[in-house]
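Enquirer: Structure file input20.txt (compact mmCIF, C-alpha atoms) right here:
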```txt
# COMPACT_ATOMS: atom_id res chain seq x y z
CA MET A 745 14.42 9.07 -21.60
CA ALA A 746 12.81 6.48 -19.43
CA LYS A 747 9.05 6.52 -19.77
CA TYR A 748 6.40 5.14 -17.41
CA ALA A 749 2.63 5.16 -16.96
CA PHE A 750 2.04 7.19 -13.77
CA PHE A 751 -0.37 5.31 -11.52
CA LEU A 752 -1.86 7.83 -9.08
CA GLY A 753 -3.82 5.67 -6.65
CA CYS A 754 -6.02 7.33 -4.00
CA ILE A 755 -4.25 8.96 -1.05
CA ALA A 756 -1.64 10.93 -3.03
CA PRO A 757 -4.01 12.69 -5.48
CA LEU A 758 -6.96 12.95 -3.05
CA ARG A 759 -5.27 13.75 0.28
CA TYR A 760 -1.69 14.85 -0.44
CA PRO A 761 -1.64 16.26 -3.97
CA GLY A 762 1.72 17.83 -3.10
CA ILE A 763 3.18 14.32 -3.36
CA GLU A 764 1.72 13.98 -6.86
CA LYS A 765 3.00 17.41 -7.86
CA SER A 766 6.52 16.94 -6.46
CA THR A 767 6.77 13.52 -8.12
CA ARG A 768 5.95 15.08 -11.49
CA GLU A 769 8.53 17.83 -10.99
CA VAL A 770 11.28 15.60 -9.64
CA CYS A 771 10.81 13.05 -12.43
CA LYS A 772 11.01 15.83 -15.00
CA ALA A 773 14.26 17.07 -13.43
CA LEU A 774 15.73 13.56 -13.46
CA GLY A 775 14.78 12.71 -17.06
CA ILE A 776 11.88 10.36 -16.32
CA GLU A 777 8.83 10.91 -18.52
CA LEU A 778 5.51 10.31 -16.79
CA VAL A 779 2.55 9.48 -19.02
CA GLU A 780 -0.94 9.80 -17.49
CA LEU A 781 -2.51 6.40 -16.90
CA LYS A 782 -5.96 7.67 -17.81
CA ASP A 783 -9.11 5.98 -16.43
CA ALA A 784 -7.26 3.96 -13.79
CA SER A 785 -8.98 3.24 -10.46
CA CYS A 786 -7.90 2.38 -6.94
CA CYS A 787 -5.13 -0.26 -7.16
CA PRO A 788 -7.28 -1.76 -5.19
CA ALA A 789 -5.93 -1.42 -1.67
CA PRO A 790 -4.11 -4.56 -0.46
CA GLY A 791 -5.26 -4.42 3.17
CA VAL A 792 -8.90 -3.48 2.86
CA ILE A 793 -10.33 -4.36 -0.56
CA LYS A 794 -8.24 -7.53 -0.93
CA SER A 795 -9.38 -8.57 2.55
CA PHE A 796 -13.02 -8.26 1.45
CA SER A 797 -12.78 -9.92 -1.95
CA LYS A 798 -9.67 -11.26 -3.59
CA ALA A 799 -11.65 -11.78 -6.80
CA THR A 800 -12.58 -8.08 -7.01
CA TRP A 801 -9.07 -7.04 -6.03
CA LEU A 802 -7.51 -9.20 -8.75
CA ALA A 803 -9.89 -8.21 -11.56
CA ALA A 804 -9.69 -4.47 -10.80
CA ALA A 805 -5.89 -4.65 -10.53
CA ALA A 806 -5.80 -6.53 -13.85
CA ARG A 807 -7.85 -3.74 -15.45
CA ASN A 808 -5.24 -1.20 -14.30
CA LEU A 809 -2.41 -3.41 -15.56
CA ALA A 810 -4.19 -3.87 -18.90
CA LEU A 811 -4.64 -0.09 -19.33
CA ALA A 812 -0.87 0.38 -19.00
CA GLU A 813 -0.15 -2.59 -21.27
CA LYS A 814 -2.37 -1.05 -23.95
CA GLU A 815 -0.10 2.02 -23.86
CA GLY A 816 2.98 -0.20 -24.06
CA LEU A 817 4.26 1.16 -20.76
CA ASP A 818 5.36 -0.14 -17.39
CA ILE A 819 3.72 1.35 -14.30
CA ILE A 820 5.39 3.65 -11.79
CA THR A 821 3.80 4.47 -8.43
CA VAL A 822 4.79 6.53 -5.36
CA CYS A 823 2.64 4.45 -3.00
CA ASN A 824 3.57 1.22 -1.20
CA GLY A 825 -0.05 0.08 -1.20
CA CYS A 826 -0.45 0.53 -4.96
CA TYR A 827 2.96 -0.99 -5.51
CA GLY A 828 2.07 -3.97 -3.32
CA SER A 829 -1.29 -4.62 -4.96
CA LEU A 830 -0.28 -4.11 -8.57
CA PHE A 831 3.06 -5.93 -8.23
CA GLU A 832 1.47 -8.90 -6.48
CA ALA A 833 -1.48 -9.08 -8.88
CA ALA A 834 0.89 -8.94 -11.87
CA HIS A 835 3.02 -11.65 -10.27
CA GLU A 836 0.05 -13.95 -9.63
CA LEU A 837 -1.35 -13.44 -13.13
CA HIS A 838 2.06 -14.13 -14.61
CA GLU A 839 2.50 -17.35 -12.63
CA ASP A 840 -1.03 -18.75 -12.96
CA LYS A 841 -2.34 -19.01 -16.52
CA LYS A 842 -5.75 -20.24 -15.41
CA MET A 843 -6.16 -17.26 -13.13
CA LEU A 844 -5.15 -14.99 -16.02
CA ALA A 845 -7.70 -16.67 -18.34
CA ASP A 846 -10.46 -16.28 -15.73
CA VAL A 847 -9.66 -12.59 -15.23
CA ASN A 848 -9.60 -12.01 -18.96
CA LYS A 849 -13.14 -13.37 -19.23
CA ILE A 850 -14.19 -10.45 -17.01
CA LEU A 851 -11.99 -7.91 -18.82
CA ALA A 852 -13.39 -9.03 -22.21
CA ASP A 853 -16.73 -7.54 -21.21
CA ILE A 854 -15.15 -4.07 -21.11
CA GLY A 855 -13.07 -4.58 -24.24
CA LEU A 856 -9.77 -5.23 -22.50
CA GLU A 857 -7.31 -8.08 -22.35
CA TYR A 858 -4.29 -8.43 -20.08
CA LYS A 859 -1.50 -10.42 -21.71
CA GLY A 860 0.69 -10.40 -18.62
CA GLY A 861 3.41 -8.02 -19.73
CA THR A 862 3.14 -4.98 -17.43
CA LYS A 863 5.99 -4.45 -14.99
CA VAL A 864 5.21 -2.53 -11.82
CA ARG A 865 7.85 -0.22 -10.38
CA HIS A 866 8.08 1.91 -7.25
CA PHE A 867 9.30 5.49 -7.65
CA ALA A 868 12.04 4.97 -5.02
CA GLU A 869 13.54 1.86 -6.64
CA VAL A 870 13.36 3.40 -10.11
CA LEU A 871 15.36 6.33 -8.79
CA TYR A 872 17.83 4.04 -7.05
CA LYS A 873 18.27 1.47 -9.82
CA GLU A 874 17.57 3.33 -13.06
CA VAL A 875 18.55 6.93 -12.34
CA GLY A 876 21.25 6.14 -9.81
CA LEU A 877 22.68 8.01 -6.83
CA ASP A 878 25.30 9.87 -8.89
CA ALA A 879 22.73 11.41 -11.23
CA ILE A 880 20.50 12.30 -8.28
CA LYS A 881 23.45 13.94 -6.51
CA ALA A 882 24.19 15.98 -9.62
CA ALA A 883 20.61 17.33 -9.60
CA ILE A 884 20.77 18.50 -5.95
CA LYS A 885 20.99 22.28 -5.82
CA LYS A 886 20.52 22.80 -2.13
CA PRO A 887 22.26 20.17 0.01
CA LEU A 888 20.20 19.37 3.11
CA GLY A 889 21.49 18.94 6.64
CA TYR A 890 18.44 17.37 8.27
CA LYS A 891 18.53 14.45 10.67
CA VAL A 892 16.02 12.06 9.12
CA ALA A 893 13.99 9.05 10.29
CA THR A 894 13.61 7.00 7.12
CA PHE A 895 10.36 5.06 6.94
CA TYR A 896 10.25 2.17 4.48
CA GLY A 897 6.72 0.98 5.22
CA CYS A 898 5.76 -2.65 4.63
CA HIS A 899 4.61 -3.22 1.05
CA PHE A 900 7.65 -1.60 -0.55
CA LEU A 901 10.13 -4.40 0.19
CA LYS A 902 7.85 -7.23 1.34
CA PRO A 903 7.13 -9.99 0.45
CA SER A 904 10.85 -9.96 -0.37
CA SER A 905 10.64 -13.40 -2.01
CA ILE A 906 8.90 -11.88 -5.04
CA LYS A 907 10.14 -8.27 -4.85
CA ASN A 908 13.84 -8.85 -4.30
CA LEU A 909 14.65 -5.16 -3.92
CA ASP A 910 16.71 -5.07 -0.75
CA ASN A 911 17.25 -6.88 2.53
CA ALA A 912 13.79 -6.66 4.10
CA GLU A 913 15.14 -6.83 7.66
CA ASN A 914 18.05 -4.43 7.19
CA PRO A 915 17.51 -2.37 4.05
CA LYS A 916 19.77 0.40 2.78
CA MET A 917 17.98 1.75 -0.30
CA LEU A 918 15.92 4.55 1.23
CA ASP A 919 18.73 5.53 3.60
CA GLU A 920 21.07 5.97 0.64
CA LEU A 921 18.42 7.85 -1.31
CA VAL A 922 18.03 10.23 1.65
CA THR A 923 21.70 10.71 2.55
CA VAL A 924 22.57 11.57 -1.06
CA THR A 925 20.84 14.92 -0.38
CA GLY A 926 23.33 15.63 2.42
CA ALA A 927 20.83 14.64 5.11
CA GLU A 928 21.72 12.18 7.84
CA SER A 929 19.74 8.98 8.41
CA MET A 930 19.43 8.33 12.13
CA PRO A 931 19.59 4.66 13.24
CA ARG A 932 16.73 3.65 15.52
CA GLN A 933 15.02 0.74 17.21
CA GLN A 934 12.35 -1.20 15.30
CA LYS A 935 13.03 0.74 12.14
CA LEU A 936 10.97 -1.65 10.01
CA MET A 937 7.88 -1.62 12.23
CA CYS A 938 4.56 -0.99 10.46
CA CYS A 939 3.00 2.51 10.79
CA GLY A 940 -0.26 0.88 11.90
CA ALA A 941 -2.53 2.14 9.11
CA GLY A 942 -2.65 -0.97 6.91
CA GLY A 943 -4.89 -3.99 6.77
CA GLY A 944 -8.02 -2.00 7.57
CA LEU A 945 -6.79 -0.94 11.03
CA ARG A 946 -6.93 2.80 10.37
CA SER A 947 -10.50 2.60 9.07
CA GLN A 948 -11.92 0.34 11.78
CA PHE A 949 -9.50 -0.02 14.68
CA GLY A 950 -7.97 3.45 14.73
CA GLU A 951 -6.89 3.31 18.37
CA THR A 952 -4.81 0.20 17.75
CA ALA A 953 -3.30 1.78 14.64
CA MET A 954 -2.26 4.76 16.75
CA LYS A 955 -0.40 2.48 19.16
CA PHE A 956 1.86 1.41 16.29
CA THR A 957 2.29 5.04 15.30
CA LYS A 958 3.15 6.16 18.81
CA GLU A 959 5.79 3.46 19.27
CA ASN A 960 7.38 4.46 15.96
CA LEU A 961 7.32 8.14 16.91
CA ASN A 962 8.90 7.43 20.31
CA ASN A 963 11.70 5.50 18.61
CA MET A 964 12.20 8.30 16.10
CA LYS A 965 12.40 10.89 18.84
CA ALA A 966 14.92 8.82 20.81
CA SER A 967 17.08 8.55 17.68
CA GLY A 968 17.50 12.32 17.46
CA ALA A 969 15.67 12.54 14.12
CA GLU A 970 13.99 15.85 13.31
CA MET A 971 12.03 14.79 10.21
CA ILE A 972 10.29 11.70 8.79
CA VAL A 973 10.84 10.72 5.16
CA ASP A 974 8.50 8.07 3.76
CA VAL A 975 7.81 6.41 0.40
CA CYS A 976 4.09 5.81 0.88
CA PRO A 977 1.20 8.31 1.07
CA PHE A 978 -0.71 6.05 3.47
CA CYS A 979 2.18 5.87 5.99
CA HIS A 980 2.56 9.62 5.31
CA LEU A 981 -1.09 10.20 6.27
CA GLN A 982 -0.80 8.05 9.37
CA PHE A 983 2.24 9.97 10.66
CA ASP A 984 1.29 13.47 9.52
CA ALA A 985 -2.29 13.35 10.77
CA GLY A 986 -1.82 10.84 13.59
CA GLN A 987 1.01 12.52 15.45
CA LYS A 988 -1.04 15.61 16.23
CA GLU A 989 -3.12 13.98 18.93
CA LEU A 990 -0.03 12.17 20.22
CA GLY A 991 1.80 15.44 20.80
CA PHE A 992 4.60 15.03 18.27
CA GLY A 993 5.48 17.58 15.61
CA PHE A 994 7.77 15.93 13.05
CA PRO A 995 7.67 17.42 9.56
CA VAL A 996 6.63 14.46 7.36
CA LEU A 997 7.94 14.44 3.80
CA HIS A 998 7.49 11.93 1.03
CA LEU A 999 10.81 11.19 -0.69
CA SER A 1000 9.57 13.12 -3.75
CA GLN A 1001 9.00 16.18 -1.57
CA LEU A 1002 12.44 15.89 0.07
CA TYR A 1003 13.98 15.79 -3.41
CA GLY A 1004 11.85 18.75 -4.47
CA VAL A 1005 13.28 20.75 -1.57
CA ALA A 1006 16.84 19.59 -2.33
CA MET A 1007 16.40 20.49 -6.00
CA GLY A 1008 15.47 24.04 -5.01
CA MET A 1009 11.72 23.90 -5.62
CA ASP A 1010 9.42 26.12 -3.60
CA ALA A 1011 7.77 24.54 -0.52
CA LYS A 1012 4.39 25.81 -1.72
CA ASP A 1013 4.80 24.14 -5.11
CA LEU A 1014 5.46 20.87 -3.28
CA GLY A 1015 2.24 21.14 -1.27
CA LEU A 1016 4.15 21.23 2.02
CA ASN A 1017 1.96 24.08 3.25
CA VAL A 1018 -1.09 21.84 3.63
CA HIS A 1019 0.26 19.07 5.81
CA VAL A 1020 -1.63 18.59 9.08
CA THR A 1021 1.65 19.03 10.94
CA PRO A 1022 3.24 22.27 9.69
CA VAL A 1023 6.46 21.74 7.72
CA LYS A 1024 8.97 24.41 8.64
CA LEU A 1025 12.22 23.94 6.77
CA MET B 1020 -12.03 -31.32 22.83
CA VAL B 1021 -12.44 -30.07 19.30
CA THR B 1022 -13.39 -31.97 16.21
CA PRO B 1023 -11.22 -31.03 13.24
CA ALA B 1024 -13.22 -29.91 10.21
CA PRO B 1025 -11.08 -30.53 7.12
CA GLU B 1026 -13.69 -29.06 4.77
CA PHE B 1027 -13.08 -25.60 6.21
CA THR B 1028 -9.31 -26.00 5.82
CA GLU B 1029 -9.98 -26.91 2.19
CA GLU B 1030 -12.06 -23.75 1.82
CA ILE B 1031 -9.12 -21.69 3.14
CA ALA B 1032 -6.83 -23.41 0.63
CA ALA B 1033 -9.26 -22.66 -2.20
CA ASN B 1034 -9.13 -19.00 -1.17
CA GLY B 1035 -5.33 -18.83 -1.50
CA GLY B 1036 -4.23 -20.09 1.91
CA ALA B 1037 -2.98 -23.59 1.00
CA SER B 1038 0.45 -23.07 2.62
CA LEU B 1039 -1.33 -23.11 6.01
CA MET B 1040 -0.78 -26.86 6.31
CA LEU B 1041 3.01 -26.43 6.39
CA CYS B 1042 2.81 -24.66 9.76
CA PHE B 1043 4.48 -26.60 12.60
CA GLN B 1044 3.51 -24.15 15.32
CA CYS B 1045 6.92 -22.72 16.21
CA GLY B 1046 5.46 -19.32 17.12
CA THR B 1047 7.97 -17.16 15.24
CA CYS B 1048 4.97 -15.34 13.74
CA THR B 1049 3.50 -14.40 17.11
CA ALA B 1050 6.89 -13.27 18.39
CA SER B 1051 7.37 -11.08 15.29
CA CYS B 1052 3.88 -9.58 15.13
CA PRO B 1053 3.70 -5.85 15.97
CA SER B 1054 -0.06 -6.09 16.38
CA GLY B 1055 0.37 -8.83 18.99
CA LYS B 1056 2.19 -6.29 21.17
CA PHE B 1057 -0.97 -4.21 21.43
CA THR B 1058 -3.87 -6.63 20.94
CA ALA B 1059 -5.02 -10.15 21.80
CA TYR B 1060 -4.18 -11.30 18.25
CA ARG B 1061 -1.88 -14.34 18.35
CA THR B 1062 -0.83 -15.36 14.86
CA ARG B 1063 0.25 -18.88 15.80
CA LYS B 1064 -3.07 -19.59 17.51
CA LEU B 1065 -5.01 -18.33 14.49
CA MET B 1066 -2.95 -20.62 12.23
CA ARG B 1067 -3.66 -23.59 14.53
CA ALA B 1068 -7.37 -22.89 14.66
CA ALA B 1069 -7.42 -22.60 10.87
CA GLN B 1070 -5.51 -25.88 10.47
CA LEU B 1071 -8.11 -27.59 12.63
CA GLY B 1072 -10.88 -26.07 10.54
CA LEU B 1073 -12.46 -24.13 13.41
CA LYS B 1074 -14.60 -21.89 11.24
CA ASP B 1075 -16.55 -20.05 13.93
CA ASP B 1076 -13.49 -19.41 16.11
CA THR B 1077 -11.55 -17.89 13.24
CA ILE B 1078 -14.02 -15.92 11.13
CA ASN B 1079 -16.05 -14.51 14.03
CA SER B 1080 -13.02 -13.32 15.97
CA GLU B 1081 -12.10 -9.63 16.07
CA ASP B 1082 -8.47 -10.82 16.27
CA LEU B 1083 -8.62 -11.75 12.59
CA TRP B 1084 -8.88 -8.04 11.76
CA GLN B 1085 -5.90 -6.88 13.87
CA CYS B 1086 -3.33 -7.84 11.20
CA THR B 1087 -1.95 -4.83 9.27
CA THR B 1088 -0.59 -7.14 6.51
CA CYS B 1089 2.96 -5.97 7.33
CA TYR B 1090 4.42 -9.35 6.25
CA THR B 1091 6.95 -9.56 9.11
CA CYS B 1092 5.59 -13.01 10.04
CA SER B 1093 5.71 -14.33 6.46
CA GLU B 1094 9.27 -13.04 6.04
CA ARG B 1095 10.45 -14.94 9.13
CA CYS B 1096 8.38 -18.13 8.85
CA PRO B 1097 10.80 -21.10 8.69
CA ARG B 1098 8.17 -23.13 6.81
CA ASP B 1099 7.41 -20.45 4.22
CA VAL B 1100 3.77 -20.30 5.22
CA GLN B 1101 2.27 -17.34 3.42
CA ILE B 1102 0.61 -16.17 6.60
CA VAL B 1103 -0.81 -12.93 5.17
CA ASP B 1104 -2.43 -14.97 2.39
CA VAL B 1105 -4.03 -17.22 5.03
CA VAL B 1106 -5.30 -14.16 6.93
CA THR B 1107 -6.65 -12.73 3.66
CA ALA B 1108 -8.39 -16.02 2.85
CA LEU B 1109 -10.00 -16.13 6.31
CA ARG B 1110 -11.12 -12.50 5.96
CA ASN B 1111 -12.62 -13.19 2.52
CA ILE B 1112 -14.59 -16.10 4.00
CA ALA B 1113 -15.65 -13.96 6.98
CA VAL B 1114 -16.94 -11.21 4.66
CA ALA B 1115 -18.73 -13.79 2.48
CA ASN B 1116 -20.45 -14.87 5.69
CA GLY B 1117 -21.63 -11.34 6.38
CA LYS B 1118 -18.90 -10.25 8.82
CA LEU B 1119 -17.99 -6.74 7.72
CA TYR B 1120 -17.30 -3.86 10.10
CA GLU B 1121 -18.87 -0.43 9.67
CA GLY B 1122 -15.52 1.31 9.11
CA HIS B 1123 -14.71 -1.17 6.36
CA LYS B 1124 -18.15 -0.76 4.78
CA LYS B 1125 -17.39 2.95 4.37
CA VAL B 1126 -14.17 2.21 2.48
CA ALA B 1127 -16.03 -0.27 0.27
CA ALA B 1128 -18.80 2.31 -0.31
CA ASN B 1129 -16.23 4.86 -1.52
CA LEU B 1130 -14.81 2.32 -3.96
CA ILE B 1131 -18.31 1.70 -5.32
CA LYS B 1132 -19.14 5.41 -5.50
CA VAL B 1133 -15.98 6.91 -7.02
CA GLY B 1134 -13.59 4.04 -7.80
CA HIS B 1135 -11.21 5.14 -5.04
CA THR B 1136 -10.98 4.36 -1.33
CA VAL B 1137 -11.39 8.06 -0.52
CA ASP B 1138 -13.49 10.71 -2.27
CA ASN B 1139 -12.39 14.15 -3.45
CA ASN B 1140 -13.54 17.28 -1.58
CA ASP B 1141 -13.60 21.06 -2.02
CA LYS B 1142 -10.42 21.65 -0.02
CA ILE B 1143 -8.45 19.12 -2.07
CA LYS B 1144 -9.91 20.44 -5.34
CA ALA B 1145 -8.77 23.98 -4.46
CA LEU B 1146 -5.34 22.74 -3.50
CA ARG B 1147 -4.96 20.70 -6.68
CA LYS B 1148 -5.88 23.77 -8.71
CA GLU B 1149 -3.37 25.87 -6.80
CA LEU B 1150 -0.69 23.30 -7.62
CA GLY B 1151 -1.56 23.43 -11.31
CA LEU B 1152 -3.24 20.01 -11.23
CA PRO B 1153 -6.76 19.29 -12.56
CA GLU B 1154 -9.42 19.40 -9.81
CA ASN B 1155 -10.12 15.71 -10.25
CA PRO B 1156 -7.30 13.30 -11.06
CA PRO B 1157 -7.68 11.85 -14.61
CA THR B 1158 -8.96 8.52 -13.28
CA VAL B 1159 -12.32 6.72 -13.22
CA MET B 1160 -13.34 9.59 -10.97
CA ASP B 1161 -13.28 11.95 -13.95
CA ASN B 1162 -14.63 9.76 -16.75
CA ALA B 1163 -18.14 8.32 -16.54
CA ALA B 1164 -17.49 5.74 -19.28
CA ALA B 1165 -14.40 4.44 -17.50
CA LYS B 1166 -16.31 4.37 -14.21
CA ALA B 1167 -19.04 2.30 -15.92
CA ASP B 1168 -16.36 -0.20 -16.98
CA PHE B 1169 -15.03 -0.28 -13.44
CA ASP B 1170 -18.58 -0.86 -12.13
CA LYS B 1171 -18.89 -3.88 -14.44
CA ILE B 1172 -15.83 -5.38 -12.74
CA LEU B 1173 -17.32 -4.83 -9.30
CA ASN B 1174 -20.58 -6.43 -10.45
CA ALA B 1175 -18.93 -9.36 -12.24
CA THR B 1176 -17.02 -10.22 -9.06
CA GLY B 1177 -20.03 -9.73 -6.79
CA PHE B 1178 -18.51 -6.87 -4.80
CA ASN B 1179 -21.62 -4.70 -4.43
CA LYS B 1180 -23.70 -7.56 -3.08
CA LEU B 1181 -20.88 -8.75 -0.84
CA VAL B 1182 -20.35 -5.47 1.00
CA SER B 1183 -23.94 -4.15 1.11
```
Kindly present the structure from the file in structure tokens form.
Expert:
Amino acid sequence: MAKYAFFLGCIAPLRYPGIEKSTREVCKALGIELVELKDASCCPAPGVIKSFSKATWLAAAARNLALAEKEGLDIITVCNGCYGSLFEAAHELHEDKKMLADVNKILADIGLEYKGGTKVRHFAEVLYKEVGLDAIKAAIKKPLGYKVATFYGCHFLKPSSIKNLDNAENPKMLDELVTVTGAESMPRQQKLMCCGAGGGLRSQFGETAMKFTKENLNNMKASGAEMIVDVCPFCHLQFDAGQKELGFGFPVLHLSQLYGVAMGMDAKDLGLNVHVTPVKL
Amino acid sequence: MVTPAPEFTEEIAANGGASLMLCFQCGTCTASCPSGKFTAYRTRKLMRAAQLGLKDDTINSEDLWQCTTCYTCSERCPRDVQIVDVVTALRNIAVANGKLYEGHKKVAANLIKVGHTVDNNDKIKALRKELGLPENPPTVMDNAAAKADFDKILNATGFNKLVS
């Protein structure tokens, strides 16, 4: 059984705990063991905290990486932001020995050392690459017929030069992960456009963030999609909460929640009942 | 007429934005930028101003904070300029010079208070309980000793002073 340290981050456990819950259940059903990464913190967020202080961002990320390394486990996360920060910090610390030595001087003060061995994985790519579409298909109990707008977000595939997961301009991974449930992925304009939340826009320039969101929602509507499926709690928040004032009503599901539904789990156990935009399936 | 200030360009490089100097001003970044559709932010112009070392024009501009770090520009840059890294470097310098917006201060304050960018609340605690999850996630939020370790990291890297 594949085993990972489950990195929770902020938005999933503290705004959409249904995403956390469905991830735990879906992983269990697919033979992935999740071990609590106790005492972890914010990743820290790539758009805000890294914009304020790269030094803080790097040292705090290194602490999270070191906690997983101490357990001898690689990290799994359901959030593009956490994936982006932890993957990029691990990459930089792996490539730059001086940077690693400097960070370890800080970690030494709290009794930790990061040797540079933690791999950082995103839930969606673990499912795609390690579990595989055939095994996922075999676990589907209730094939779904929804027309879906897949939303990759930005920090899942990019920067593609270090992540190398899929074609960043024309990816297939999430579409295949969604259509394996029987759902249809609807092609649309500007499919890879940012949701608008990142980089500190949602927290300071909310009106601009909403312009991104609205353009995405218009394109989704024109495509005939009836549901949004994302792989990031922050994009999830931006669409679920943001669309209300824009007059849209798409059910917004994280991939883990879509799989929970397809595997026959109860909507209430997946936390779908607490979304800002009601999820009627 | 502007006078180039190479010392500021060196400061950007020291903050992780060294690839800036590879930029030959083709404008692919501006054409690719979703934020540029809605705001006055012009990525190519920011890169040019940074190359010339125009400190005040770059770090005091609201445009600097219109980037969502979506990486579309970096992906398409024919010179492999790590544009998001340059933006991050400029933002770090701006914050070090006291330019931090109120909305961003709140996010930073949450990180200092609970170790996360958002805090827990009664509604979420009830929901977590209903889902069979502990009221607080088992993170720094739920362990004072771990939070004290996290605080040491914030202090060692000067975060509290920087964002206060």
Enquirer: Smallest atom-to-atom distance to chain A: which of B:Ala1145, B:Cys1096, B:Leu1119, B:Cys1089, using all atoms listed in the file?
Expert: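 Of B:Ala1145, B:Cys1096, B:Leu1119, B:Cys1089, the one nearest chain A is B:Cys1089, counting all atoms listed in the file.
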Enquirer: Choose the residue, out of A:His866, A:Lys965, A:Lys814, A:Lys902, that has the smallest atom-to-atom separation from chain B; count all atoms listed in the file.
Expert: A:Lys902
Enquirer: Hey, which bits of chain A sit within 6 Å of chain B, and for each residue what's the closest pair of atoms and how far apart in Å (one decimal), counting only C-alpha atoms, rows by chain and increasing number, as CSV?
Expert:
```
residue,atom,partner,partner_atom,distance
A:Cys754,CA,B:His1135,CA,5.7
A:Leu758,CA,B:Asn1139,CA,5.6
A:Lys782,CA,B:Thr1158,CA,5.5
A:Asp783,CA,B:Thr1158,CA,4.0
A:Ala784,CA,B:Thr1158,CA,4.9
A:Ser785,CA,B:Gly1134,CA,5.4
A:Cys786,CA,B:His1135,CA,4.7
A:Ser795,CA,B:Thr1107,CA,5.1
A:Phe796,CA,B:Asn1111,CA,5.1
A:Ser797,CA,B:Asn1111,CA,5.5
A:Thr800,CA,B:Thr1176,CA,5.3
A:Ile854,CA,B:Asp1168,CA,5.8
A:Cys898,CA,B:Cys1089,CA,5.1
A:Gly942,CA,B:Thr1087,CA,4.6
A:Gly943,CA,B:Thr1087,CA,3.9
A:Ser947,CA,B:Gly1122,CA,5.2
A:Gln948,CA,B:Gly1122,CA,4.6
```
Enquirer: Nearest to A:Arg946 among A:Glu764, A:Ser905, A:Cys979, A:Lys1012, with distances taken over only C-alpha atoms: which residue is it?
Expert: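 Ranking A:Glu764, A:Ser905, A:Cys979, A:Lys1012 by distance to A:Arg946, first place goes to A:Cys979.
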Enquirer: What's around A:Leu778 at 7 Å? Count only C-alpha atoms, leave out sequence neighbours fewer than 4 positions away in its own chain, and write the answer as a list in words.
Expert: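 Counting only the stated atoms, we get Lys747, Tyr748, Ala749 and Phe750 of chain A.
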Enquirer: Please provide the set of residues having any atom within 12 Å of B:Gly1072, restricted to only C-alpha atoms, with same-chain residues fewer than 5 positions apart removed, written as a PyMOL selection string.
Expert: chain B and resi 1021-1032+1039-1040+1065-1067+1077-1078+1109
Enquirer: Name all residues at most 12 Å from A:Leu901 (count only C-alpha atoms; drop same-chain ones fewer than 2 positions away) and give them as a ChimeraX atom specification.
Expert: /A:824-825,827-828,831-832,865-866,868-869,895-899,903-918,936,975-976 /B:1089-1091,1094
Enquirer: Put the listed atoms of stretch 1032-1035 of chain B in a box along x, y and z with 3 Å added on every side and give me the centre and edge lengths in Å to one decimal, as JSON.
Expert:
```
{"center_x": -7.3, "center_y": -21.1, "center_z": -0.8, "size_x": 9.9, "size_y": 10.6, "size_z": 8.8}
```
Enquirer: In Å, rounded to a single decimal, give me how far atom CA of B:Tyr1060 is from atom CA of A:Ser829.
Expert: 24.3 Å
Enquirer: In terms of the shortest atom-to-atom distance over all atoms listed in the file, which of B:Lys1074, B:Arg1098, B:Lys1064, B:Lys1180 is closest to B:Phe1043?
Expert: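 Result for the nearest residue to B:Phe1043: B:Arg1098.
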Enquirer: Determine, counting only C-alpha atoms, which protein, DNA and RNA residues have an atom within 7 Å of an atom of A:Gly753; residues of the same chain fewer than 2 positions away are not included. Present the result as a list of chain:residue names.
Expert: A:Phe751, A:Ile755, A:Ala756, A:Ser785, A:Cys786, A:Cys787, A:Cys826
Enquirer: Figure out the distance between atom CA of A:Leu752 and atom CA of A:Leu809, please, to one decimal in Å.
Expert: 13.0 Å
Enquirer: Can you find the residues with an atom no farther than 10 Å from (-0.3, 10.4, 11.3), counting all atoms listed in the file, and report them as a VMD selection string?
Expert: chain A and resid 939 to 941 953 to 954 957 to 958 961 978 to 990 992 994 996 1020 to 1021
